[in-house]
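J.: Okay, so here is query-v2.txt, and as you'll see once you scroll down, it has compact mmCIF, C-alpha atoms.
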```txt
# COMPACT_ATOMS: atom_id res chain seq x y z
CA MET A 17 -38.13 -99.01 17.17
CA LYS A 18 -39.00 -95.36 16.83
CA LEU A 19 -36.68 -92.52 17.74
CA ALA A 20 -37.56 -88.85 17.82
CA GLN A 21 -35.34 -85.81 18.12
CA THR A 22 -35.84 -82.10 17.70
CA VAL A 23 -33.00 -79.64 17.39
CA THR A 24 -33.06 -75.91 16.84
CA VAL A 25 -30.49 -74.42 14.52
CA LYS A 26 -29.77 -70.70 14.51
CA ALA A 27 -29.99 -70.29 10.76
CA PRO A 28 -32.77 -69.66 8.24
CA ARG A 29 -34.68 -72.60 6.89
CA ASP A 30 -33.31 -72.48 3.33
CA LYS A 31 -29.75 -72.66 4.63
CA VAL A 32 -30.58 -75.65 6.84
CA TRP A 33 -32.40 -77.30 3.94
CA GLY A 34 -29.22 -76.95 1.88
CA ILE A 35 -27.13 -78.96 4.30
CA VAL A 36 -29.57 -81.69 5.26
CA LEU A 37 -30.14 -82.52 1.59
CA ASP A 38 -26.39 -82.55 0.99
CA VAL A 39 -26.10 -86.17 2.13
CA PRO A 40 -22.27 -86.48 2.18
CA ALA A 41 -22.03 -83.27 4.25
CA ALA A 42 -24.84 -84.22 6.61
CA ALA A 43 -23.42 -87.73 6.98
CA ARG A 44 -20.19 -86.30 8.34
CA CYS A 45 -22.28 -85.40 11.37
CA VAL A 46 -23.15 -89.02 12.11
CA PRO A 47 -20.55 -90.29 14.60
CA GLY A 48 -18.64 -93.21 13.08
CA VAL A 49 -19.34 -92.53 9.40
CA ALA A 50 -16.18 -93.33 7.50
CA SER A 51 -17.09 -92.41 3.95
CA VAL A 52 -20.12 -91.48 1.92
CA ARG A 53 -19.98 -91.32 -1.86
CA PRO A 54 -22.62 -90.75 -4.53
CA ALA A 55 -24.06 -93.86 -6.20
CA GLY A 56 -26.54 -92.56 -8.67
CA SER A 57 -29.36 -90.06 -8.46
CA ASP A 58 -30.26 -89.35 -4.83
CA ARG A 59 -28.39 -92.49 -3.75
CA TYR A 60 -25.24 -92.75 -1.71
CA GLN A 61 -23.04 -95.54 -0.38
CA GLY A 62 -21.27 -95.38 2.91
CA THR A 63 -19.79 -97.10 5.93
CA LEU A 64 -20.72 -96.59 9.56
CA ALA A 65 -18.66 -97.96 12.47
CA VAL A 66 -20.44 -98.38 15.80
CA GLN A 67 -19.02 -99.71 19.02
CA ILE A 68 -21.18 -101.07 21.84
CA GLY A 69 -18.91 -102.34 24.59
CA PRO A 70 -16.69 -105.07 23.15
CA VAL A 71 -18.71 -105.36 19.96
CA ARG A 72 -17.56 -103.40 16.95
CA LEU A 73 -19.90 -103.15 14.02
CA VAL A 74 -18.97 -101.99 10.55
CA LEU A 75 -22.17 -101.33 8.66
CA ASP A 76 -21.89 -101.07 4.88
CA GLY A 77 -24.86 -99.82 3.03
CA ASP A 78 -26.68 -97.16 1.16
CA ILE A 79 -28.83 -94.15 1.79
CA ALA A 80 -31.48 -92.94 -0.61
CA ILE A 81 -33.52 -89.76 -0.58
CA THR A 82 -37.03 -91.09 -1.10
CA ALA A 83 -39.02 -87.87 -0.90
CA ARG A 84 -38.40 -84.16 -0.74
CA ASP A 85 -40.68 -81.13 -0.59
CA GLU A 86 -38.72 -77.96 -0.16
CA LYS A 87 -41.84 -75.81 0.13
CA ALA A 88 -43.17 -77.89 3.01
CA GLY A 89 -39.66 -78.37 4.43
CA THR A 90 -39.96 -82.15 4.59
CA ALA A 91 -37.72 -84.91 3.33
CA SER A 92 -37.48 -88.67 3.78
CA PHE A 93 -34.51 -90.98 3.63
CA ARG A 94 -34.09 -94.71 3.61
CA ALA A 95 -30.95 -96.44 4.86
CA ASP A 96 -30.07 -100.12 4.48
CA ALA A 97 -26.83 -101.43 5.86
CA LYS A 98 -25.36 -104.71 6.92
CA ASP A 99 -22.41 -105.98 8.87
CA SER A 100 -21.15 -109.05 7.06
CA ARG A 101 -18.68 -109.99 9.81
CA VAL A 102 -21.09 -110.09 12.72
CA GLY A 103 -24.06 -110.99 10.58
CA GLY A 104 -26.72 -108.42 11.07
CA ALA A 105 -28.42 -105.58 9.35
CA ILE A 106 -30.26 -102.38 9.99
CA LYS A 107 -33.02 -100.77 8.02
CA ALA A 108 -34.07 -97.26 8.80
CA THR A 109 -36.43 -94.66 7.49
CA VAL A 110 -35.79 -91.10 8.56
CA ASP A 111 -38.34 -88.32 8.14
CA LEU A 112 -37.18 -84.74 8.52
CA ALA A 113 -39.44 -81.76 9.02
CA LEU A 114 -38.02 -78.25 9.05
CA ALA A 115 -39.99 -75.38 10.54
CA ASP A 116 -39.21 -71.65 10.77
CA ARG A 117 -38.97 -70.20 14.20
CA SER A 118 -38.24 -66.45 14.03
CA GLY A 119 -34.95 -66.62 12.16
CA ALA A 120 -34.02 -70.04 13.51
CA THR A 121 -35.08 -73.46 12.26
CA ASP A 122 -36.49 -76.41 14.15
CA ILE A 123 -35.49 -79.77 12.70
CA LYS A 124 -37.69 -82.66 13.70
CA ILE A 125 -36.07 -86.03 13.04
CA ALA A 126 -38.30 -89.10 13.24
CA THR A 127 -36.52 -92.41 12.74
CA ASP A 128 -37.97 -95.87 12.44
CA LEU A 129 -35.15 -98.33 12.94
CA GLN A 130 -35.19 -102.10 12.46
CA VAL A 131 -32.34 -104.20 13.71
CA LEU A 132 -32.06 -107.63 12.15
CA GLY A 133 -30.01 -110.77 12.65
CA ARG A 134 -27.37 -111.23 15.29
CA LEU A 135 -27.29 -107.55 16.13
CA GLY A 136 -30.62 -108.14 17.78
CA GLU A 137 -28.93 -110.39 20.37
CA PHE A 138 -27.85 -107.24 22.11
CA GLY A 139 -31.29 -106.42 23.27
CA GLN A 140 -33.41 -103.75 21.70
CA PRO A 141 -33.31 -101.42 24.74
CA VAL A 142 -29.53 -101.10 24.60
CA ILE A 143 -29.61 -100.56 20.84
CA LYS A 144 -32.33 -97.96 21.21
CA ARG A 145 -30.28 -96.03 23.71
CA LYS A 146 -27.22 -96.16 21.47
CA ALA A 147 -29.26 -95.05 18.46
CA ASP A 148 -30.80 -92.25 20.51
CA GLN A 149 -27.33 -91.07 21.53
CA MET A 150 -26.15 -91.13 17.93
CA MET A 151 -29.16 -89.22 16.62
CA GLY A 152 -28.70 -86.68 19.42
CA ASP A 153 -25.04 -86.19 18.45
CA PHE A 154 -26.06 -85.95 14.79
CA ALA A 155 -28.60 -83.23 15.51
CA GLU A 156 -26.12 -81.18 17.57
CA CYS A 157 -23.40 -81.53 14.95
CA LEU A 158 -25.84 -80.50 12.22
CA ALA A 159 -26.63 -77.36 14.17
CA ARG A 160 -22.90 -76.51 14.35
CA ALA A 161 -22.31 -77.35 10.69
CA VAL A 162 -25.10 -75.06 9.53
CA ALA A 163 -23.90 -72.25 11.79
CA GLY A 164 -20.42 -72.63 10.25
CA ARG A 165 -21.61 -72.29 6.63
CA MET B 9 -15.01 -119.19 14.77
CA THR B 10 -11.28 -119.83 14.96
CA TYR B 11 -8.73 -118.08 17.09
CA ASP B 12 -5.40 -118.70 18.74
CA TYR B 13 -5.74 -119.38 22.44
CA HIS B 14 -3.01 -118.09 24.72
CA GLU B 15 -2.53 -118.99 28.35
CA PRO B 16 0.23 -116.81 29.80
CA ARG B 17 1.51 -117.49 33.33
CA GLU B 18 2.62 -113.97 34.12
CA VAL B 19 0.86 -110.60 33.90
CA ALA B 20 3.80 -109.20 31.90
CA GLU B 21 3.38 -111.95 29.32
CA ALA B 22 -0.35 -111.25 29.04
CA LEU B 23 0.35 -107.53 28.54
CA HIS B 24 2.91 -108.37 25.88
CA LEU B 25 0.36 -110.48 23.98
CA LEU B 26 -2.29 -107.79 24.38
CA VAL B 27 -0.02 -105.14 22.88
CA LYS B 28 1.25 -107.45 20.15
CA HIS B 29 -2.20 -108.39 18.86
CA GLY B 30 -3.92 -105.07 19.59
CA GLU B 31 -7.55 -104.93 18.49
CA ASP B 32 -7.39 -108.54 17.29
CA ALA B 33 -6.99 -109.74 20.91
CA HIS B 34 -9.68 -110.37 23.51
CA LEU B 35 -9.05 -111.18 27.18
CA ILE B 36 -10.94 -114.02 28.80
CA ALA B 37 -11.13 -114.99 32.47
CA GLY B 38 -14.13 -117.13 33.46
CA GLY B 39 -15.59 -116.79 29.98
CA THR B 40 -19.26 -116.58 31.00
CA ALA B 41 -19.68 -113.36 29.01
CA THR B 42 -16.96 -113.73 26.40
CA VAL B 43 -17.93 -117.25 25.29
CA LEU B 44 -21.49 -116.08 24.65
CA LEU B 45 -20.22 -113.15 22.60
CA LEU B 46 -17.97 -115.53 20.65
CA ARG B 47 -20.70 -118.08 20.04
CA GLN B 48 -23.16 -115.44 18.92
CA GLY B 49 -20.49 -114.16 16.56
CA LEU B 50 -20.68 -110.68 18.05
CA ILE B 51 -16.92 -110.63 18.58
CA ARG B 52 -14.37 -112.28 16.28
CA PRO B 53 -10.94 -111.97 17.83
CA GLY B 54 -7.97 -113.70 16.22
CA HIS B 55 -6.35 -114.15 19.62
CA VAL B 56 -8.00 -115.01 22.92
CA ILE B 57 -5.77 -114.44 25.93
CA SER B 58 -6.76 -116.34 29.06
CA LEU B 59 -5.89 -114.92 32.47
CA ARG B 60 -6.69 -118.12 34.36
CA ALA B 61 -3.15 -119.51 34.61
CA ILE B 62 -1.73 -116.31 36.08
CA GLY B 63 -1.33 -117.14 39.75
CA ALA B 64 -0.80 -113.51 40.77
CA LEU B 65 -4.36 -112.64 39.71
CA SER B 66 -6.05 -115.24 41.92
CA GLY B 67 -6.87 -115.51 45.59
CA ILE B 68 -8.78 -113.56 48.21
CA GLY B 69 -7.31 -112.28 51.46
CA ARG B 70 -7.29 -109.57 54.09
CA ALA B 71 -5.02 -106.60 53.44
CA PRO B 72 -2.69 -105.38 56.22
CA ASP B 73 -4.94 -102.33 56.80
CA GLY B 74 -7.90 -104.60 57.57
CA GLY B 75 -9.41 -104.26 54.11
CA LEU B 76 -9.78 -106.95 51.49
CA ARG B 77 -7.94 -107.94 48.35
CA ILE B 78 -9.89 -109.95 45.80
CA GLY B 79 -7.80 -111.23 42.90
CA ALA B 80 -9.27 -110.47 39.48
CA THR B 81 -9.66 -114.15 38.59
CA ALA B 82 -11.22 -115.16 41.91
CA THR B 83 -14.61 -116.63 41.07
CA HIS B 84 -17.88 -115.33 42.45
CA ARG B 85 -18.27 -118.65 44.27
CA GLN B 86 -14.87 -118.25 45.94
CA ALA B 87 -15.83 -114.74 47.02
CA GLU B 88 -19.22 -115.92 48.24
CA ARG B 89 -17.60 -118.65 50.37
CA SER B 90 -14.66 -116.60 51.59
CA ALA B 91 -14.47 -116.16 55.37
CA ASP B 92 -12.46 -112.99 54.76
CA VAL B 93 -15.21 -111.46 52.62
CA ARG B 94 -17.85 -112.37 55.20
CA ALA B 95 -15.73 -110.99 58.04
CA LEU B 96 -15.46 -107.65 56.30
CA SER B 97 -19.05 -107.42 55.09
CA PRO B 98 -21.76 -110.08 55.04
CA ALA B 99 -23.61 -107.82 52.59
CA LEU B 100 -20.76 -108.27 50.12
CA THR B 101 -21.03 -112.05 50.58
CA ASN B 102 -24.72 -111.72 49.83
CA ALA B 103 -24.05 -109.69 46.68
CA PHE B 104 -21.73 -112.40 45.34
CA ALA B 105 -24.21 -115.12 46.35
CA SER B 106 -26.98 -113.30 44.47
CA VAL B 107 -25.36 -113.79 41.07
CA ALA B 108 -27.28 -116.15 38.76
CA THR B 109 -26.67 -119.81 39.71
CA VAL B 110 -23.89 -121.82 41.38
CA ARG B 111 -22.73 -123.02 37.96
CA ILE B 112 -22.26 -119.44 36.79
CA ARG B 113 -20.67 -118.38 40.09
CA ASN B 114 -18.19 -121.23 39.83
CA GLN B 115 -17.06 -119.88 36.49
CA ALA B 116 -17.52 -116.12 36.41
CA THR B 117 -14.70 -114.05 37.87
CA VAL B 118 -14.82 -110.88 39.92
CA GLY B 119 -12.50 -108.95 37.60
CA GLY B 120 -14.15 -110.30 34.49
CA SER B 121 -17.59 -109.14 35.54
CA LEU B 122 -16.28 -105.65 36.27
CA ALA B 123 -14.63 -105.50 32.84
CA HIS B 124 -17.81 -106.75 31.13
CA ALA B 125 -19.74 -103.88 32.75
CA ASP B 126 -23.23 -105.24 32.40
CA PRO B 127 -25.21 -102.74 34.50
CA ALA B 128 -27.47 -105.46 35.92
CA GLN B 129 -24.69 -107.32 37.73
CA ASP B 130 -24.87 -107.77 41.50
CA PRO B 131 -21.37 -107.21 42.94
CA PRO B 132 -20.47 -103.86 41.31
CA PRO B 133 -23.10 -101.76 43.16
CA MET B 134 -22.12 -103.35 46.48
CA LEU B 135 -18.41 -102.91 45.83
CA ALA B 136 -19.07 -99.27 44.89
CA ALA B 137 -21.12 -98.71 48.05
CA LEU B 138 -18.23 -100.06 50.12
CA GLY B 139 -15.80 -97.69 48.39
CA ALA B 140 -13.87 -100.43 46.59
CA ALA B 141 -11.30 -99.73 43.89
CA VAL B 142 -9.77 -101.82 41.12
CA THR B 143 -6.09 -102.02 40.33
CA ILE B 144 -5.32 -101.92 36.63
CA VAL B 145 -2.00 -102.60 34.93
CA SER B 146 -0.77 -101.74 31.46
CA PRO B 147 2.65 -101.39 29.83
CA ARG B 148 2.59 -97.84 31.25
CA GLY B 149 2.38 -99.07 34.86
CA ALA B 150 -0.38 -99.52 37.41
CA ARG B 151 -3.32 -97.31 38.29
CA SER B 152 -6.22 -97.51 40.68
CA ILE B 153 -9.78 -96.44 39.93
CA ALA B 154 -12.89 -96.49 42.11
CA VAL B 155 -15.37 -99.21 41.12
CA GLU B 156 -18.04 -96.52 40.83
CA ASP B 157 -15.98 -94.75 38.13
CA LEU B 158 -15.04 -97.85 36.12
CA ALA B 159 -18.17 -98.32 34.01
CA VAL B 160 -19.19 -95.44 31.78
CA ASP B 161 -21.96 -96.94 29.64
CA HIS B 162 -23.62 -100.28 28.84
CA PHE B 163 -20.80 -102.83 28.56
CA THR B 164 -18.29 -99.99 28.40
CA THR B 165 -15.56 -99.09 30.90
CA THR B 166 -12.65 -96.66 31.10
CA LEU B 167 -10.30 -99.61 30.48
CA ALA B 168 -7.95 -99.05 27.55
CA GLY B 169 -7.26 -101.88 25.11
CA ASP B 170 -3.90 -102.68 26.71
CA GLU B 171 -5.09 -102.69 30.34
CA ILE B 172 -5.83 -105.64 32.63
CA ILE B 173 -7.70 -105.57 35.94
CA THR B 174 -5.50 -107.35 38.48
CA GLU B 175 -7.41 -107.03 41.75
CA VAL B 176 -10.24 -105.39 43.63
CA ILE B 177 -9.39 -103.63 46.88
CA VAL B 178 -12.12 -103.10 49.45
CA PRO B 179 -11.02 -100.66 52.15
CA PRO B 180 -11.57 -101.42 55.84
CA LEU B 181 -14.99 -100.23 56.95
CA ALA B 182 -15.27 -97.56 59.63
CA PRO B 183 -16.45 -99.08 62.92
CA GLY B 184 -20.22 -99.17 63.13
CA THR B 185 -20.76 -99.30 59.36
CA ARG B 186 -23.72 -101.41 58.30
CA ALA B 187 -24.30 -102.55 54.76
CA THR B 188 -26.94 -104.42 52.84
CA TYR B 189 -27.66 -105.67 49.34
CA VAL B 190 -31.21 -106.23 48.15
CA LYS B 191 -32.32 -107.48 44.76
CA PHE B 192 -35.82 -107.33 43.32
CA LEU B 193 -36.51 -110.57 41.43
CA PRO B 194 -40.15 -110.73 40.35
CA ARG B 195 -39.55 -113.51 37.79
CA THR B 196 -37.07 -116.22 38.74
CA ALA B 197 -34.43 -116.60 41.44
CA ASP B 198 -31.55 -116.76 38.94
CA ASP B 199 -32.62 -113.75 36.88
CA TYR B 200 -30.83 -110.46 36.52
CA ALA B 201 -32.19 -107.87 38.90
CA THR B 202 -35.13 -105.72 37.91
CA VAL B 203 -33.71 -103.29 40.46
CA SER B 204 -30.96 -103.86 43.00
CA VAL B 205 -29.85 -101.62 45.85
CA ALA B 206 -26.56 -101.67 47.70
CA ALA B 207 -26.32 -99.40 50.71
CA ALA B 208 -23.79 -98.75 53.44
CA MET B 209 -24.46 -96.48 56.39
CA ARG B 210 -22.70 -95.44 59.58
CA LEU B 211 -24.55 -93.88 62.46
CA ALA B 212 -22.89 -91.71 65.13
CA ASP B 213 -24.79 -90.26 68.09
CA GLY B 214 -28.07 -91.34 66.55
CA ALA B 215 -27.48 -89.46 63.28
CA VAL B 216 -26.28 -90.56 59.85
CA ALA B 217 -22.54 -89.90 59.69
CA ASP B 218 -22.02 -91.50 56.33
CA ALA B 219 -24.30 -93.08 53.72
CA ARG B 220 -23.61 -94.54 50.30
CA ILE B 221 -26.36 -95.86 48.07
CA VAL B 222 -25.72 -97.47 44.68
CA LEU B 223 -28.41 -98.92 42.43
CA GLY B 224 -28.01 -101.64 39.83
CA ALA B 225 -30.01 -102.50 36.66
CA VAL B 226 -31.65 -99.06 36.45
CA GLY B 227 -29.22 -97.22 34.21
CA PRO B 228 -26.35 -97.74 31.78
CA THR B 229 -23.98 -98.21 34.75
CA PRO B 230 -24.45 -98.75 38.49
CA ILE B 231 -25.87 -95.45 39.72
CA ARG B 232 -24.76 -93.69 42.90
CA ALA B 233 -27.79 -92.02 44.48
CA ARG B 234 -26.06 -88.84 45.62
CA ALA B 235 -29.21 -86.80 46.24
CA ALA B 236 -30.59 -89.51 48.50
CA GLU B 237 -27.24 -89.74 50.32
CA ALA B 238 -27.18 -85.96 50.83
CA ALA B 239 -30.72 -86.02 52.21
CA LEU B 240 -29.57 -88.46 54.89
CA ALA B 241 -26.30 -86.79 55.87
CA GLY B 242 -26.40 -85.63 59.46
CA ALA B 243 -30.07 -86.54 59.82
CA LYS B 244 -31.78 -88.68 62.43
CA PRO B 245 -32.80 -91.76 60.45
CA SER B 246 -36.52 -91.72 61.17
CA ARG B 247 -38.84 -93.75 58.94
CA GLU B 248 -40.10 -90.52 57.39
CA ARG B 249 -36.61 -89.28 56.66
CA LEU B 250 -35.58 -92.58 55.07
CA ALA B 251 -38.73 -92.53 52.92
CA GLN B 252 -38.02 -88.95 51.81
CA ALA B 253 -34.46 -89.84 50.87
CA ALA B 254 -35.56 -92.98 49.02
CA ALA B 255 -38.09 -90.97 46.99
CA LEU B 256 -35.20 -88.96 45.52
CA VAL B 257 -33.75 -91.99 43.72
CA ARG B 258 -36.68 -91.90 41.27
CA ASP B 259 -35.00 -88.95 39.56
CA GLU B 260 -31.49 -90.29 39.87
CA VAL B 261 -32.01 -93.58 38.02
CA ASP B 262 -32.24 -93.89 34.23
CA PRO B 263 -33.91 -97.25 33.49
CA LEU B 264 -34.91 -98.73 30.13
CA ASP B 265 -38.24 -100.25 29.18
CA ASP B 266 -37.72 -103.98 28.77
CA LEU B 267 -39.32 -107.33 29.52
CA ARG B 268 -38.74 -106.77 33.26
CA GLY B 269 -40.96 -103.71 33.23
CA SER B 270 -41.41 -100.19 32.02
CA ALA B 271 -38.96 -97.44 32.91
CA GLU B 272 -41.65 -95.85 35.10
CA TYR B 273 -42.26 -99.11 36.96
CA LYS B 274 -38.54 -99.50 37.59
CA ARG B 275 -38.29 -95.94 38.93
CA GLU B 276 -41.00 -96.75 41.44
CA MET B 277 -39.37 -100.08 42.34
CA ALA B 278 -36.06 -98.25 42.80
CA ARG B 279 -37.76 -96.02 45.36
CA VAL B 280 -39.47 -98.93 47.13
CA TRP B 281 -36.33 -101.09 47.33
CA THR B 282 -34.12 -98.20 48.40
CA GLU B 283 -36.50 -97.49 51.25
CA ARG B 284 -36.47 -101.16 52.25
CA ALA B 285 -32.67 -101.27 52.14
CA LEU B 286 -32.35 -98.14 54.29
CA LEU B 287 -34.91 -99.44 56.80
CA ALA B 288 -33.02 -102.72 57.04
CA LEU B 289 -29.84 -100.84 57.90
CA VAL B 290 -31.45 -98.77 60.63
CA GLU B 291 -33.55 -101.53 62.15
CA ALA B 292 -30.88 -104.24 61.99
```
Show this structure as structure tokens.

T.:
Amino acid sequence: MKLAQTVTVKAPRDKVWGIVLDVPAAARCVPGVASVRPAGSDRYQGTLAVQIGPVRLVLDGDIAITARDEKAGTASFRADAKDSRVGGAIKATVDLALADRSGATDIKIATDLQVLGRLGEFGQPVIKRKADQMMGDFAECLARAVAGR
Amino acid sequence: MTYDYHEPREVAEALHLLVKHGEDAHLIAGGTATVLLLRQGLIRPGHVISLRAIGALSGIGRAPDGGLRIGATATHRQAERSADVRALSPALTNAFASVATVRIRNQATVGGSLAHADPAQDPPPMLAALGAAVTIVSPRGARSIAVEDLAVDHFTTTLAGDEIITEVIVPPLAPGTRATYVKFLPRTADDYATVSVAAAMRLADGAVADARIVLGAVGPTPIRARAAEAALAGAKPSRERLAQAAALVRDEVDPLDDLRGSAEYKREMARVWTERALLALVEA
């Protein structure tokens, strides 16, 4: 499923670039992220806890920066995570595009999310809404984090 | 899938178990939702606490004020067949009778379905339209919350981990109140609604004195159509006026695209079925 968000941050593009490429810092803006630690060049490991009604997921996995072009203001990430208790996994690719807007920066976040295994039992529409909510919270938090730097 | 199964006989004992086992505990009443979650492996509690043997949670009866008390573990079938429910509101009987199949209704409980908070269920919109409230107990005491405020998201309520729904209270209806429940089922008779509409209306001197409209299956929770209600307040319920009010629900609902139709299609069906429900109330 594809998710799209745009958020405007009141900070110059280079400053925003600095935080979105700082994966552990940016990950703190994802609701439910417990820890993110480096695991090699441009790779990180982390844990994400998500609750949908009575179902609690603990997704363990890694994030990799797969492409970056500071001049163009674009970067791509890949995330793979699985919940071994419930038996399901997610795979996501996230493309970011930063654009100047008279002193502020627009961040476009395009996510392609696959939900595999038992997690899929929930129904894709409910998962999409949850993922949309999370990406929305992430974008807002990122805006605050950049403003606070 | 292994867990300890507990069958307390008193509410206090159930609360004690719930506190003792914390997040490792899961309540079960009829089990129609919980057993599926267990079998799919989506929940893995170490302790399952059944509410079925607690006599105080069962039964359906009239309250002294003329309203209705439905015990949390009363089944949908019991509610559907209850003379007390029908005497208060045949529309409420119809909402219970609209749930899935007899086999499910024989098993699923009224309190359990409210706690599960699937937004496509039938009784919650009708209970909300009739102004019903649930009583909830915890080690901190009892509280009451309106059915319309209980669910906050898909499968998510304001219930804390140590709280148990004990009963549903439906207040007496003001004389002259009419109510209806309609459910759009384009696929099969036992399906979840594509859109459902519960409405209650009271007319006085030919004008709408009170109207409550609650839609099911078109948002993360049952949705109260407040703009449509406001458009009816004090108005003469002409066909045109009802149609105008019903058109407002398009912007009040928040449906998802799924196999029952696109979000846009469901918005339009919400309008159509709201108009039909309102017409039925006026022309009854």

J.: Using all atoms listed in the file, which chain B residues lie at most 7 Å away from chain A, written as number ranges by chain?

T.: B: 48-51, 162-164, 264-266

J.: Got a sec: who's within 8 Å of Tyr11 (chain B), counting all atoms listed in the file, leaving out chain neighbours fewer than 2 positions off, as a ChimeraX atom specification?

T.: /B:9,13,53-56

J.: At a cut-off of 7 Å, using all atoms listed in the file, what residues contact Thr22 (chain A)? Leave out same-chain residues fewer than 4 positions from it and give the result as a PDB file with C-alpha atoms, in the coordinates of the input.

T.:
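Saved to part35.pdb:
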```pdb
ATOM      1  CA  ASP A 122     -36.490 -76.410  14.150  1.00  0.00           C
ATOM      2  CA  ILE A 123     -35.490 -79.770  12.700  1.00  0.00           C
ATOM      3  CA  LYS A 124     -37.690 -82.660  13.700  1.00  0.00           C
ATOM      4  CA  ILE A 125     -36.070 -86.030  13.040  1.00  0.00           C
TER       5      ILE A 125
END
```

J.: Which distance in Å separates CA of Thr196 (chain B) and CA of Trp281 (chain B), to one decimal?

T.: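 Separation of CA of Thr196 (chain B) and CA of Trp281 (chain B): 17.4 Å.
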
J.: Which neighbours of Leu37 (chain A) fall inside 9 Å, counting only C-alpha atoms, when residues of the same chain fewer than 6 positions from it are skipped, and could you give them as a PDB file with C-alpha atoms, in the coordinates of the input?

T.:
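around11.pdb written:
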```
ATOM      1  CA  ILE A  81     -33.520 -89.760  -0.580  1.00  0.00           C
ATOM      2  CA  ARG A  84     -38.400 -84.160  -0.740  1.00  0.00           C
ATOM      3  CA  ALA A  91     -37.720 -84.910   3.330  1.00  0.00           C
TER       4      ALA A  91
END
```

J.: Skipping near chain neighbours, those fewer than 5 positions away, what residues fall within 12 Å of Lys87 (chain A) using all atoms listed in the file, listed as an MDAnalysis selection string?

T.: chainID A and resid 29:30 33 113:116

J.: For CA of Thr143 (chain B) and CA of Val176 (chain B), quote the distance in Å rounded to one decimal.

T.: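 That distance, rounded to one decimal, is 6.3 Å.
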
J.: Determine, counting all atoms listed in the file, which protein, DNA and RNA residues have an atom within 8 Å of an atom of Ala219 (chain B); residues of the same chain fewer than 3 positions away are not included. Present the result as a list in words.

T.: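 The residues satisfying every condition are Ala207, Ala208, Met209, Arg210, Val216, Glu237, Leu240 and Ala241 of chain B.
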
J.: Save out the residues we just selected, C-alpha atoms, as a short mmCIF file (atom, residue, chain, number, x, y, z; two decimals), in the coordinates of the input.

T.:
```
data_model
loop_
_atom_site.label_atom_id
_atom_site.label_comp_id
_atom_site.auth_asym_id
_atom_site.auth_seq_id
_atom_site.Cartn_x
_atom_site.Cartn_y
_atom_site.Cartn_z
CA ALA B 207 -26.32 -99.40 50.71
CA ALA B 208 -23.79 -98.75 53.44
CA MET B 209 -24.46 -96.48 56.39
CA ARG B 210 -22.70 -95.44 59.58
CA VAL B 216 -26.28 -90.56 59.85
CA GLU B 237 -27.24 -89.74 50.32
CA LEU B 240 -29.57 -88.46 54.89
CA ALA B 241 -26.30 -86.79 55.87
#
```

J.: Which value, in Å to one decimal, gives the distance between CA of Val261 (chain B) and CA of Ala285 (chain B)?

T.: 16.1 Å

J.: Counting all atoms listed in the file, which of A:Lys18, A:Arg53, A:Arg44, A:Lys31 gets nearest to Thr109 (chain A)?

T.: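 Looking only at the distances to Thr109 (chain A), the closest residue turns out to be A:Lys18.
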
J.: List every protein, DNA or RNA residue with an atom no more than 6 Å from (-21.1, -95.2, 46.3) in the file's coordinates, counting only C-alpha atoms, and format the result as a VMD selection string.

T.: chain B and resid 136 to 137 220 to 222 232

J.: So which residues are close to (-42.2, -83.6, 5.6), meaning at most 7 Å away in the file's coordinates with all atoms listed in the file counted, and can you show them as a PyMOL selection string?

T.: chain A and resi 85+88-91+111-113

J.: Complete the atoms of region 18-26 of chain B to N, CA and C atoms and put them out as a short mmCIF file (atom, residue, chain, number, x, y, z; two decimals), keeping the file's coordinate frame.

T.:
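Contents of out-v1.cif, as written:
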```
data_model
loop_
_atom_site.label_atom_id
_atom_site.label_comp_id
_atom_site.auth_asym_id
_atom_site.auth_seq_id
_atom_site.Cartn_x
_atom_site.Cartn_y
_atom_site.Cartn_z
N GLU B 18 2.25 -115.20 33.44
CA GLU B 18 2.62 -113.97 34.12
C GLU B 18 1.83 -112.80 33.53
N VAL B 19 1.58 -111.79 34.37
CA VAL B 19 0.86 -110.60 33.90
C VAL B 19 1.64 -109.93 32.76
N ALA B 20 2.98 -109.87 32.92
CA ALA B 20 3.80 -109.20 31.90
C ALA B 20 3.65 -109.87 30.54
N GLU B 21 3.54 -111.20 30.57
CA GLU B 21 3.38 -111.95 29.32
C GLU B 21 2.00 -111.65 28.69
N ALA B 22 0.99 -111.57 29.54
CA ALA B 22 -0.35 -111.25 29.04
C ALA B 22 -0.36 -109.85 28.43
N LEU B 23 0.30 -108.90 29.08
CA LEU B 23 0.35 -107.53 28.54
C LEU B 23 1.08 -107.52 27.19
N HIS B 24 2.15 -108.31 27.13
CA HIS B 24 2.91 -108.37 25.88
C HIS B 24 2.02 -108.87 24.73
N LEU B 25 1.26 -109.92 25.00
CA LEU B 25 0.36 -110.48 23.98
C LEU B 25 -0.72 -109.47 23.59
N LEU B 26 -1.21 -108.77 24.60
CA LEU B 26 -2.29 -107.79 24.38
C LEU B 26 -1.80 -106.67 23.47
#
```
